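Next comes query12.txt, with compact mmCIF, C-alpha atoms and all ligand atoms.
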# COMPACT_ATOMS: atom_id res chain seq x y z
CA MET A 1 -19.38 12.89 4.86
CA SER A 2 -16.55 10.85 3.43
CA LEU A 3 -13.18 10.83 5.11
CA ILE A 4 -11.47 10.85 1.73
CA LYS A 5 -13.17 12.09 -1.43
CA LEU A 6 -11.46 12.23 -4.79
CA ASP A 7 -13.46 13.71 -7.66
CA ASP A 8 -12.24 13.28 -11.24
CA VAL A 9 -8.65 13.26 -10.08
CA SER A 10 -6.06 13.09 -12.85
CA LYS A 11 -2.32 13.12 -12.47
CA LEU A 12 0.02 13.84 -15.35
CA TYR A 13 3.76 13.37 -15.18
CA GLY A 14 6.20 14.91 -17.62
CA PHE A 15 5.64 17.20 -20.60
CA GLY A 16 4.88 16.94 -24.30
CA ASP A 17 5.62 13.58 -25.86
CA ALA A 18 6.88 12.22 -22.57
CA THR A 19 3.60 12.80 -20.71
CA THR A 20 2.26 9.95 -18.63
CA LEU A 21 -1.32 9.93 -17.46
CA ALA A 22 -0.84 8.18 -14.13
CA LEU A 23 -4.38 8.86 -12.90
CA ASP A 24 -7.24 9.26 -15.33
CA GLU A 25 -10.25 10.99 -13.75
CA ALA A 26 -10.34 8.72 -10.74
CA ASN A 27 -13.30 8.96 -8.38
CA LEU A 28 -13.04 7.42 -4.96
CA SER A 29 -14.70 7.95 -1.61
CA ILE A 30 -13.44 6.26 1.52
CA GLU A 31 -15.32 6.32 4.81
CA LYS A 32 -13.79 6.39 8.26
CA GLY A 33 -12.99 2.88 9.50
CA GLU A 34 -12.70 1.18 6.12
CA PHE A 35 -9.86 -1.26 5.39
CA VAL A 36 -9.25 -0.85 1.68
CA ALA A 37 -7.01 -2.98 -0.53
CA ILE A 38 -5.93 -1.50 -3.85
CA MET A 39 -4.93 -3.89 -6.61
CA GLY A 40 -3.86 -3.62 -10.20
CA PRO A 41 -0.94 -4.25 -12.54
CA SER A 42 2.39 -2.56 -12.12
CA GLY A 43 2.33 0.98 -13.47
CA CYS A 44 -1.46 1.36 -13.29
CA GLY A 45 -1.28 4.27 -10.85
CA LYS A 46 -1.66 2.68 -7.41
CA SER A 47 1.28 4.51 -5.84
CA THR A 48 0.23 7.76 -7.49
CA LEU A 49 -3.24 7.36 -5.99
CA LEU A 50 -1.76 6.71 -2.54
CA ASN A 51 0.62 9.64 -2.87
CA VAL A 52 -2.25 11.96 -3.74
CA MET A 53 -4.40 10.63 -0.88
CA GLY A 54 -1.41 10.83 1.46
CA LEU A 55 -0.68 14.46 0.49
CA LEU A 56 2.73 13.55 -0.86
CA ASP A 57 1.65 14.65 -4.32
CA ARG A 58 -0.97 16.94 -5.82
CA PRO A 59 -3.49 16.04 -8.48
CA THR A 60 -3.07 17.82 -11.84
CA HIS A 61 -6.86 18.03 -12.24
CA GLY A 62 -9.81 17.30 -10.04
CA THR A 63 -10.48 17.82 -6.37
CA TYR A 64 -9.44 16.09 -3.18
CA LYS A 65 -11.40 16.57 0.02
CA LEU A 66 -9.89 15.16 3.20
CA GLN A 67 -12.24 15.28 6.20
CA ASN A 68 -14.49 17.50 4.08
CA ARG A 69 -11.74 20.05 3.54
CA LEU A 70 -10.36 20.84 0.10
CA VAL A 71 -6.69 19.90 0.22
CA ASP A 72 -5.59 19.58 -3.40
CA ARG A 73 -4.17 23.09 -3.53
CA LEU A 74 -2.57 23.34 -0.10
CA SER A 75 0.90 24.84 0.11
CA GLN A 76 3.69 22.34 0.68
CA ASN A 77 4.07 23.36 4.30
CA ARG A 78 0.40 23.07 5.10
CA ALA A 79 0.17 19.74 3.31
CA ALA A 80 3.18 18.49 5.29
CA ARG A 81 1.64 19.57 8.58
CA LEU A 82 -1.73 18.02 7.79
CA ARG A 83 0.00 14.84 6.65
CA ARG A 84 2.05 14.67 9.84
CA ASP A 85 -1.04 14.97 12.03
CA THR A 86 -3.44 12.81 10.05
CA ILE A 87 -1.62 10.23 7.96
CA GLY A 88 0.88 7.47 8.62
CA PHE A 89 2.68 6.33 5.48
CA ILE A 90 4.34 2.93 5.09
CA PHE A 91 6.50 2.18 2.06
CA GLN A 92 7.47 -1.13 0.53
CA SER A 93 11.15 -0.39 0.94
CA TYR A 94 10.86 0.48 4.64
CA ASN A 95 12.84 3.74 4.43
CA LEU A 96 14.42 3.33 7.87
CA LEU A 97 17.59 5.33 8.35
CA PRO A 98 20.45 2.82 8.62
CA ARG A 99 22.55 4.77 11.12
CA LEU A 100 19.78 5.19 13.64
CA THR A 101 18.57 2.54 16.06
CA VAL A 102 15.05 1.23 15.75
CA LEU A 103 14.00 3.42 18.67
CA GLU A 104 15.52 6.55 17.10
CA ASN A 105 13.96 5.77 13.74
CA VAL A 106 10.52 5.41 15.28
CA ALA A 107 10.94 8.61 17.30
CA LEU A 108 12.01 10.64 14.27
CA PRO A 109 8.56 11.98 13.23
CA LEU A 110 8.16 13.41 16.74
CA ALA A 111 11.43 15.31 16.39
CA TYR A 112 9.96 17.07 13.34
CA LYS A 113 7.06 18.01 15.57
CA GLY A 114 9.45 19.66 18.00
CA MET A 115 8.97 17.19 20.86
CA GLY A 116 11.84 16.90 23.35
CA VAL A 117 14.15 13.91 23.18
CA THR A 118 13.08 12.15 26.40
CA ARG A 119 9.38 12.39 25.60
CA ARG A 120 9.78 11.22 22.06
CA LEU A 121 11.93 8.20 22.94
CA LYS A 122 9.36 7.25 25.55
CA ALA A 123 6.53 7.53 23.02
CA ALA A 124 8.54 5.54 20.46
CA SER A 125 9.22 2.86 23.04
CA ALA A 126 5.51 2.56 23.84
CA ILE A 127 4.63 2.14 20.16
CA LEU A 128 7.38 -0.44 19.65
CA GLU A 129 5.90 -2.44 22.48
CA ARG A 130 2.53 -2.34 20.76
CA VAL A 131 3.99 -3.89 17.60
CA GLY A 132 5.90 -6.52 19.58
CA MET A 133 9.33 -4.99 19.02
CA GLN A 134 10.20 -3.91 22.56
CA ASN A 135 13.28 -6.13 22.63
CA ARG A 136 14.65 -4.66 19.41
CA GLU A 137 14.77 -0.99 20.39
CA TYR A 138 18.54 -0.71 20.29
CA PHE A 139 19.07 -2.79 17.18
CA TYR A 140 20.08 -1.19 13.91
CA PRO A 141 18.01 -1.91 10.79
CA TYR A 142 20.69 -4.26 9.35
CA GLN A 143 20.32 -6.49 12.41
CA LEU A 144 16.62 -7.14 11.76
CA SER A 145 14.65 -9.43 9.48
CA GLY A 146 12.53 -7.88 6.72
CA GLY A 147 9.39 -8.47 8.76
CA GLN A 148 10.91 -6.78 11.82
CA ILE A 149 12.08 -3.81 9.78
CA GLN A 150 8.58 -3.42 8.39
CA CYS A 151 7.14 -3.65 11.94
CA ALA A 152 9.47 -0.81 12.92
CA ALA A 153 8.31 1.16 9.86
CA ILE A 154 4.72 0.62 10.95
CA ALA A 155 5.60 1.78 14.48
CA ARG A 156 7.14 4.89 12.96
CA ALA A 157 3.98 5.50 10.93
CA LEU A 158 1.87 5.14 14.09
CA VAL A 159 3.93 7.25 16.45
CA ASN A 160 2.06 10.46 15.59
CA GLU A 161 -1.23 8.67 16.21
CA PRO A 162 -2.60 9.24 12.71
CA SER A 163 -6.17 8.20 11.97
CA ILE A 164 -5.35 7.14 8.41
CA ILE A 165 -2.68 4.57 7.57
CA ILE A 166 -1.56 4.38 3.96
CA ALA A 167 0.69 1.47 3.05
CA ASP A 168 2.21 1.01 -0.40
CA GLU A 169 2.89 -2.70 -0.89
CA PRO A 170 3.86 -3.11 2.77
CA THR A 171 4.36 -6.85 2.33
CA GLY A 172 6.01 -6.63 -1.09
CA ASN A 173 9.43 -7.70 0.14
CA LEU A 174 8.29 -10.24 2.71
CA ASP A 175 7.70 -13.98 2.76
CA SER A 176 4.27 -15.28 3.72
CA ALA A 177 5.02 -15.39 7.47
CA GLY A 178 6.30 -11.80 7.36
CA SER A 179 3.30 -10.72 5.31
CA ARG A 180 0.93 -12.26 7.81
CA LEU A 181 2.63 -10.47 10.68
CA ILE A 182 2.29 -7.11 8.95
CA MET A 183 -1.31 -7.70 7.94
CA GLU A 184 -2.24 -8.77 11.49
CA LEU A 185 -0.65 -5.59 12.73
CA LEU A 186 -2.57 -3.45 10.23
CA SER A 187 -5.74 -5.30 11.28
CA GLU A 188 -5.09 -4.31 14.89
CA VAL A 189 -4.70 -0.71 13.80
CA HIS A 190 -7.94 -1.00 11.85
CA LYS A 191 -9.82 -2.53 14.80
CA MET A 192 -8.87 0.47 16.90
CA GLY A 193 -11.06 2.57 14.63
CA ASN A 194 -8.48 3.78 12.14
CA THR A 195 -8.81 3.80 8.37
CA VAL A 196 -6.29 1.62 6.56
CA ILE A 197 -5.53 1.74 2.83
CA PHE A 198 -2.96 -0.62 1.36
CA VAL A 199 -1.71 -1.76 -2.02
CA THR A 200 -1.10 -5.44 -2.58
CA HIS A 201 -0.34 -7.77 -5.46
CA ASN A 202 -1.37 -10.76 -3.41
CA PRO A 203 -5.07 -11.70 -3.73
CA GLU A 204 -4.82 -13.71 -0.49
CA LEU A 205 -4.27 -10.53 1.47
CA THR A 206 -7.69 -9.20 0.46
CA ARG A 207 -8.88 -11.44 3.33
CA TYR A 208 -7.97 -8.65 5.70
CA ALA A 209 -9.80 -5.92 3.80
CA THR A 210 -13.41 -4.74 3.93
CA ARG A 211 -13.21 -3.42 0.38
CA VAL A 212 -11.06 -3.96 -2.70
CA VAL A 213 -10.51 -1.29 -5.35
CA TYR A 214 -9.18 -2.54 -8.69
CA MET A 215 -7.25 -0.22 -10.98
CA ARG A 216 -6.03 -0.27 -14.55
CA ASP A 217 -4.44 2.41 -16.72
CA GLY A 218 -4.93 5.09 -14.08
CA MET A 219 -8.62 4.30 -13.71
CA ILE A 220 -10.64 2.59 -11.03
CA ILE A 221 -12.27 -0.25 -12.88
CA GLN A 222 -13.98 -2.09 -10.05
CA ASP A 223 -14.88 -1.56 -6.43
CA GLU A 224 -15.91 -4.52 -4.31
CA SER A 225 -17.06 -4.82 -0.69
CA THR A 226 -15.72 -7.96 0.95
CA SER A 227 -16.09 -9.73 4.26
CA VAL A 228 -13.06 -9.82 6.50
CA GLY A 229 -11.61 -13.34 6.38
CA GLN A 230 -12.56 -13.97 2.76
CA VAL A 231 -10.62 -13.46 -0.43
CA ALA A 232 -12.35 -10.84 -2.61
CA LYS A 233 -14.52 -12.40 -5.33
CA THR A 234 -12.82 -10.84 -8.35
CA ALA A 235 -9.38 -11.83 -7.14
CA LYS A 236 -10.62 -15.25 -6.10
CA ALA A 237 -12.35 -15.96 -9.39
CA ARG A 238 -9.04 -15.63 -11.18
CA LEU A 239 -7.08 -17.43 -8.47
CA TYR A 240 -9.13 -20.61 -8.41
CA SER A 241 -10.43 -20.84 -11.96
CA ARG A 242 -7.20 -22.52 -13.06
CA PRO A 243 -5.56 -25.59 -11.64
CA LYS A 244 -3.08 -24.61 -8.94
CA LYS A 245 0.54 -25.08 -9.83
CA SER A 246 2.73 -23.79 -7.07
CA VAL A 247 2.80 -21.32 -4.22
CA GLU A 248 4.64 -18.95 -6.49
CA ASP A 249 1.81 -19.14 -8.99
CA ASP A 250 -0.68 -18.40 -6.25
CA LEU A 251 1.27 -15.31 -5.38
CA ALA A 252 1.83 -14.36 -9.01
CA GLY A 253 -0.31 -11.37 -8.29
CA VAL A 254 -2.98 -9.32 -9.74
CA SER A 255 -0.72 -8.05 -12.52
CA LEU A 256 -1.50 -11.21 -14.34
CA LEU A 257 -5.05 -11.40 -13.06
CA MET A 258 -5.96 -7.99 -14.32
CA LYS A 259 -4.28 -8.59 -17.64
CA THR A 260 -6.41 -11.62 -18.31
CA VAL A 261 -9.69 -10.15 -17.06
CA PRO A 262 -10.71 -8.11 -20.11
CA ASP A 263 -9.55 -10.58 -22.72
CA LYS A 264 -12.53 -12.80 -21.98
CA GLU A 265 -10.25 -15.66 -22.82
CA SER A 266 -11.81 -19.04 -23.29
CA SER A 267 -12.79 -20.76 -20.10
CA GLU A 268 -11.58 -24.05 -21.53
CA PRO A 269 -8.46 -25.30 -19.85
CA LEU A 270 -5.35 -24.37 -21.76
CA PRO A 271 -3.33 -27.12 -23.36
CA HIS A 272 -0.50 -28.25 -21.14
CA ARG A 273 2.33 -26.85 -23.24
CA LYS A 274 0.71 -23.46 -23.52
CA LYS A 275 0.23 -23.28 -19.78
CA LYS A 276 3.92 -23.85 -19.29
CA THR A 277 4.91 -21.08 -21.66
CA GLN A 278 2.51 -18.77 -19.92
CA THR A 279 4.02 -19.49 -16.55
CA LYS A 280 7.44 -18.57 -17.89
CA ARG A 281 6.21 -15.34 -19.36
CA ARG A 282 4.49 -14.14 -16.21
CA PRO A 283 5.45 -10.59 -15.48
CA ASN A 284 5.81 -11.37 -11.80
CA THR A 285 9.58 -11.03 -11.38
CA LYS A 286 9.77 -8.04 -13.64
CA ALA A 287 6.89 -6.35 -11.86
CA LYS A 288 8.57 -6.91 -8.51
CA VAL A 289 11.86 -5.46 -9.61
CA LYS A 290 10.05 -2.52 -11.16
CA GLY A 291 8.02 -2.02 -7.99
CA ARG A 292 11.21 -1.79 -5.98
CA LEU A 293 12.68 0.77 -8.29
CA ASP A 294 9.45 2.73 -8.27
CA THR A 295 9.33 3.13 -4.53
N1 LIG A 301 7.56 10.84 -10.69
C1 LIG A 301 7.17 10.33 -11.84
N2 LIG A 301 7.57 10.87 -13.03
C2 LIG A 301 7.15 10.37 -14.20
N3 LIG A 301 6.32 9.31 -14.32
C3 LIG A 301 5.90 8.73 -13.20
C4 LIG A 301 6.30 9.19 -11.90
N4 LIG A 301 5.71 8.42 -10.97
C5 LIG A 301 4.98 7.50 -11.65
N5 LIG A 301 5.09 7.69 -12.98
C6 LIG A 301 4.42 6.90 -14.02
O1 LIG A 301 3.04 6.91 -13.74
C7 LIG A 301 2.46 5.63 -13.97
C8 LIG A 301 1.85 5.12 -12.69
O2 LIG A 301 2.88 4.84 -11.76
P1 LIG A 301 2.62 4.28 -10.32
O3 LIG A 301 1.58 5.11 -9.66
O4 LIG A 301 3.95 4.20 -9.63
O5 LIG A 301 2.04 2.83 -10.61
P2 LIG A 301 1.94 1.55 -9.67
O6 LIG A 301 2.17 1.97 -8.26
O7 LIG A 301 0.56 1.02 -9.92
O8 LIG A 301 2.97 0.57 -10.14
C9 LIG A 301 3.59 4.76 -14.49
O9 LIG A 301 3.52 4.78 -15.88
C10 LIG A 301 4.83 5.44 -13.99
O10 LIG A 301 5.90 5.19 -14.83
MG MG A 302 3.61 1.35 -6.87

Using the file provided, produce a representation of the structure as structure tokens.
Amino acid sequence: MSLIKLDDVSKLYGFGDATTLALDEANLSIEKGEFVAIMGPSGCGKSTLLNVMGLLDRPTHGTYKLQNRLVDRLSQNRAARLRRDTIGFIFQSYNLLPRLTVLENVALPLAYKGMGVTRRLKAASAILERVGMQNREYFYPYQLSGGQIQCAAIARALVNEPSIIIADEPTGNLDSAGSRLIMELLSEVHKMGNTVIFVTHNPELTRYATRVVYMRDGMIIQDESTSVGQVAKTAKARLYSRPKKSVEDDLAGVSLLMKTVPDKESSEPLPHRKKKTQTKRRPNTKAKVKGRLDT
């Protein structure tokens, strides 16, 4: 029995001429305890897939079974309750409330559950200790680094003790040290027996995953099991098949990787001038800005 089972799930946005097919008959099963990375170019449907799996959005067609229970037609209230008890969601843009302290932010999901203030602050404090943020409880979000804010967001996602963690580009706004911190934290959560699903543009971060799902145009185009500690083969093949240029190039992301995959472009090295032009035209910056607006 799969923990998560999507069958022919499609998601349409808009009407008439303005319709977007964000998910196109996607099929995906995830077992308990997997650590799944989802990769693909900007706009290919990664966030939509996470939102459907995380019960933030409903599929237009197809079925979604969570813990063997059909959940694609739940009422909003039921979906919210199930989400609260089962799923911890982490967004790229943190979504901490600026006027609340770190401790209050982390305790917030427990308030929605109706827990009293003393108990919930105590629980929040315990979780903050687990993510190494015990000395930042009374700080406000603006007083923290990006990595620390994201740690707090992870603590908030964990405070309800969900068994599934869904993270949409959790390291998207962080430098490599910050990214490592977050991924180590997610690894800890995974080692405790939880299921972790995250979106990344950075092939290096597939090292943490046990499986990588590649998407394009709303479809799942490849599904690869990987060993923890190793970069996934598909991502790696594209990363190391060209001479390295700079750290930025290494992090250019799967947007570019996936774009070049189907073209079967010549394996001959590109002439120097052409390479330069290509670097300039990389969609990296644009994709990042778009990603921020999306979330
Ligand atoms: N709420 C929405 N309304 C209309 N179109 C949307 C909405 N959310 C996403 N889309 C569109 O669906 C497609 C997939 O988006 P998304 O899942 O955010 O992709 P990704 O996370 O891979 O960048 C994109 O074309 C996007 O513009
Ligand atoms: Mg997205």

Handout entry: Exercise: Thr171 in chain A partners within 12 Å, all atoms listed in the file, chain neighbours under 3 positions left out, as number ranges by chain
Key = A: 90-94, 146-151, 153-154, 167-168, 174-186, 198-202, 204-205, 251, 288, 291-292

Saved selection, atoms kept: C-alpha atoms, as a PDB file, in the coordinates of the input:
ATOM      1  CA  ILE A  90       4.340   2.930   5.090  1.00  0.00           C
ATOM      2  CA  PHE A  91       6.500   2.180   2.060  1.00  0.00           C
ATOM      3  CA  GLN A  92       7.470  -1.130   0.530  1.00  0.00           C
ATOM      4  CA  SER A  93      11.150  -0.390   0.940  1.00  0.00           C
ATOM      5  CA  TYR A  94      10.860   0.480   4.640  1.00  0.00           C
ATOM      6  CA  GLY A 146      12.530  -7.880   6.720  1.00  0.00           C
ATOM      7  CA  GLY A 147       9.390  -8.470   8.760  1.00  0.00           C
ATOM      8  CA  GLN A 148      10.910  -6.780  11.820  1.00  0.00           C
ATOM      9  CA  ILE A 149      12.080  -3.810   9.780  1.00  0.00           C
ATOM     10  CA  GLN A 150       8.580  -3.420   8.390  1.00  0.00           C
ATOM     11  CA  CYS A 151       7.140  -3.650  11.940  1.00  0.00           C
ATOM     12  CA  ALA A 153       8.310   1.160   9.860  1.00  0.00           C
ATOM     13  CA  ILE A 154       4.720   0.620  10.950  1.00  0.00           C
ATOM     14  CA  ALA A 167       0.690   1.470   3.050  1.00  0.00           C
ATOM     15  CA  ASP A 168       2.210   1.010  -0.400  1.00  0.00           C
ATOM     16  CA  LEU A 174       8.290 -10.240   2.710  1.00  0.00           C
ATOM     17  CA  ASP A 175       7.700 -13.980   2.760  1.00  0.00           C
ATOM     18  CA  SER A 176       4.270 -15.280   3.720  1.00  0.00           C
ATOM     19  CA  ALA A 177       5.020 -15.390   7.470  1.00  0.00           C
ATOM     20  CA  GLY A 178       6.300 -11.800   7.360  1.00  0.00           C
ATOM     21  CA  SER A 179       3.300 -10.720   5.310  1.00  0.00           C
ATOM     22  CA  ARG A 180       0.930 -12.260   7.810  1.00  0.00           C
ATOM     23  CA  LEU A 181       2.630 -10.470  10.680  1.00  0.00           C
ATOM     24  CA  ILE A 182       2.290  -7.110   8.950  1.00  0.00           C
ATOM     25  CA  MET A 183      -1.310  -7.700   7.940  1.00  0.00           C
ATOM     26  CA  GLU A 184      -2.240  -8.770  11.490  1.00  0.00           C
ATOM     27  CA  LEU A 185      -0.650  -5.590  12.730  1.00  0.00           C
ATOM     28  CA  LEU A 186      -2.570  -3.450  10.230  1.00  0.00           C
ATOM     29  CA  PHE A 198      -2.960  -0.620   1.360  1.00  0.00           C
ATOM     30  CA  VAL A 199      -1.710  -1.760  -2.020  1.00  0.00           C
ATOM     31  CA  THR A 200      -1.100  -5.440  -2.580  1.00  0.00           C
ATOM     32  CA  HIS A 201      -0.340  -7.770  -5.460  1.00  0.00           C
ATOM     33  CA  ASN A 202      -1.370 -10.760  -3.410  1.00  0.00           C
ATOM     34  CA  GLU A 204      -4.820 -13.710  -0.490  1.00  0.00           C
ATOM     35  CA  LEU A 205      -4.270 -10.530   1.470  1.00  0.00           C
ATOM     36  CA  LEU A 251       1.270 -15.310  -5.380  1.00  0.00           C
ATOM     37  CA  LYS A 288       8.570  -6.910  -8.510  1.00  0.00           C
ATOM     38  CA  GLY A 291       8.020  -2.020  -7.990  1.00  0.00           C
ATOM     39  CA  ARG A 292      11.210  -1.790  -5.980  1.00  0.00           C
TER      40      ARG A 292
END

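Counting all atoms listed in the file, the residue from A:Leu144, A:Leu97, A:Leu6, A:Leu103 that sits nearest to Pro59 in chain A is A:Leu6.
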
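Among A:Met133, A:Ala26, A:Ala157, A:Ala124, the residue with the shortest atom-to-atom distance to Pro170 in chain A, counting all atoms listed in the file, is A:Ala157.
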
Handout entry: Protein and nucleic acid residues within 7 Å of ligand LIG 301 (chain A) (all atoms listed in the file) as a VMD selection string
Key = chain A and resid 13 to 14 20 to 22 40 to 49 218 291 294

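Reported to one decimal place, the separation of CA of Ser187 in chain A from CA of Thr206 in chain A is 11.7 Å.
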
Problem - d(CA of Thr226 in chain A, CA of Asn160 in chain A) in Å - result: 29.5 Å

Problem - Spatial neighbours of Lys32 in chain A, 12 Å, only C-alpha atoms, chain gap at least 6 places, as JSON, numbers by chain - result: {"A": [1, 2, 3, 4, 5, 66, 67, 68, 163, 164, 165, 190, 191, 192, 193, 194, 195, 196, 197, 210]}

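CA of Arg119 in chain A to CA of Gly33 in chain A spans 29.2 Å [interatomic distance, one decimal].
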
For range 38-43 of chain A, what centre and edge lengths in Å (one decimal) does the axis-aligned box get once 5 Å is added on each side of all its listed atoms, as lines of an AutoDock Vina configuration file?
center_x = -1.8
center_y = -1.6
center_z = -8.7
size_x = 18.3
size_y = 15.2
size_z = 19.6

Problem - Which of A:Ile38, A:Asn77, A:Pro98, A:Ile87 sits closest to ligand MG 302 (chain A) [using all atoms listed in the file] - result: A:Ile38

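You can rank A:Ile221, A:Asp72, A:Leu50, A:Glu188 by their closest distance to ligand MG 302 (chain A) using all atoms listed in the file, and at the top of that list sits A:Leu50.
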
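All protein and nucleic acid residues in the vicinity of (-3.9, 12.4, 2.7), that is within 7 Å when counting only C-alpha atoms, are Val52, Met53, Gly54, Leu55, Leu66, Arg83 and Ile87 of chain A.
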
Surrounding residues of Gly229 in chain A excluding itself and chain neighbours under 4 positions, 9 Å, only C-alpha atoms, as a JSON list (two decimals) with C-alpha atoms, in the frame of the given file:
[["chain", "number", "residue", "atom", "x", "y", "z"],
["A", 206, "THR", "CA", -7.69, -9.20, 0.46],
["A", 207, "ARG", "CA", -8.88, -11.44, 3.33],
["A", 208, "TYR", "CA", -7.97, -8.65, 5.70],
["A", 209, "ALA", "CA", -9.80, -5.92, 3.80]]

Exercise for the section: Please provide the set of residues having any atom within 9 Å of Glu104 in chain A, restricted to all atoms listed in the file, with same-chain residues fewer than 3 positions apart removed, written as a PyMOL selection string. Expected result: chain A and resi 100-101+107-108+120-121+124+137-138

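In terms of minimum interatomic distance to ligand MG 302 (chain A), A:Met39 ranks closest within A:Val189, A:Met39, A:Leu74, A:Leu82, counting only C-alpha atoms and all ligand atoms.
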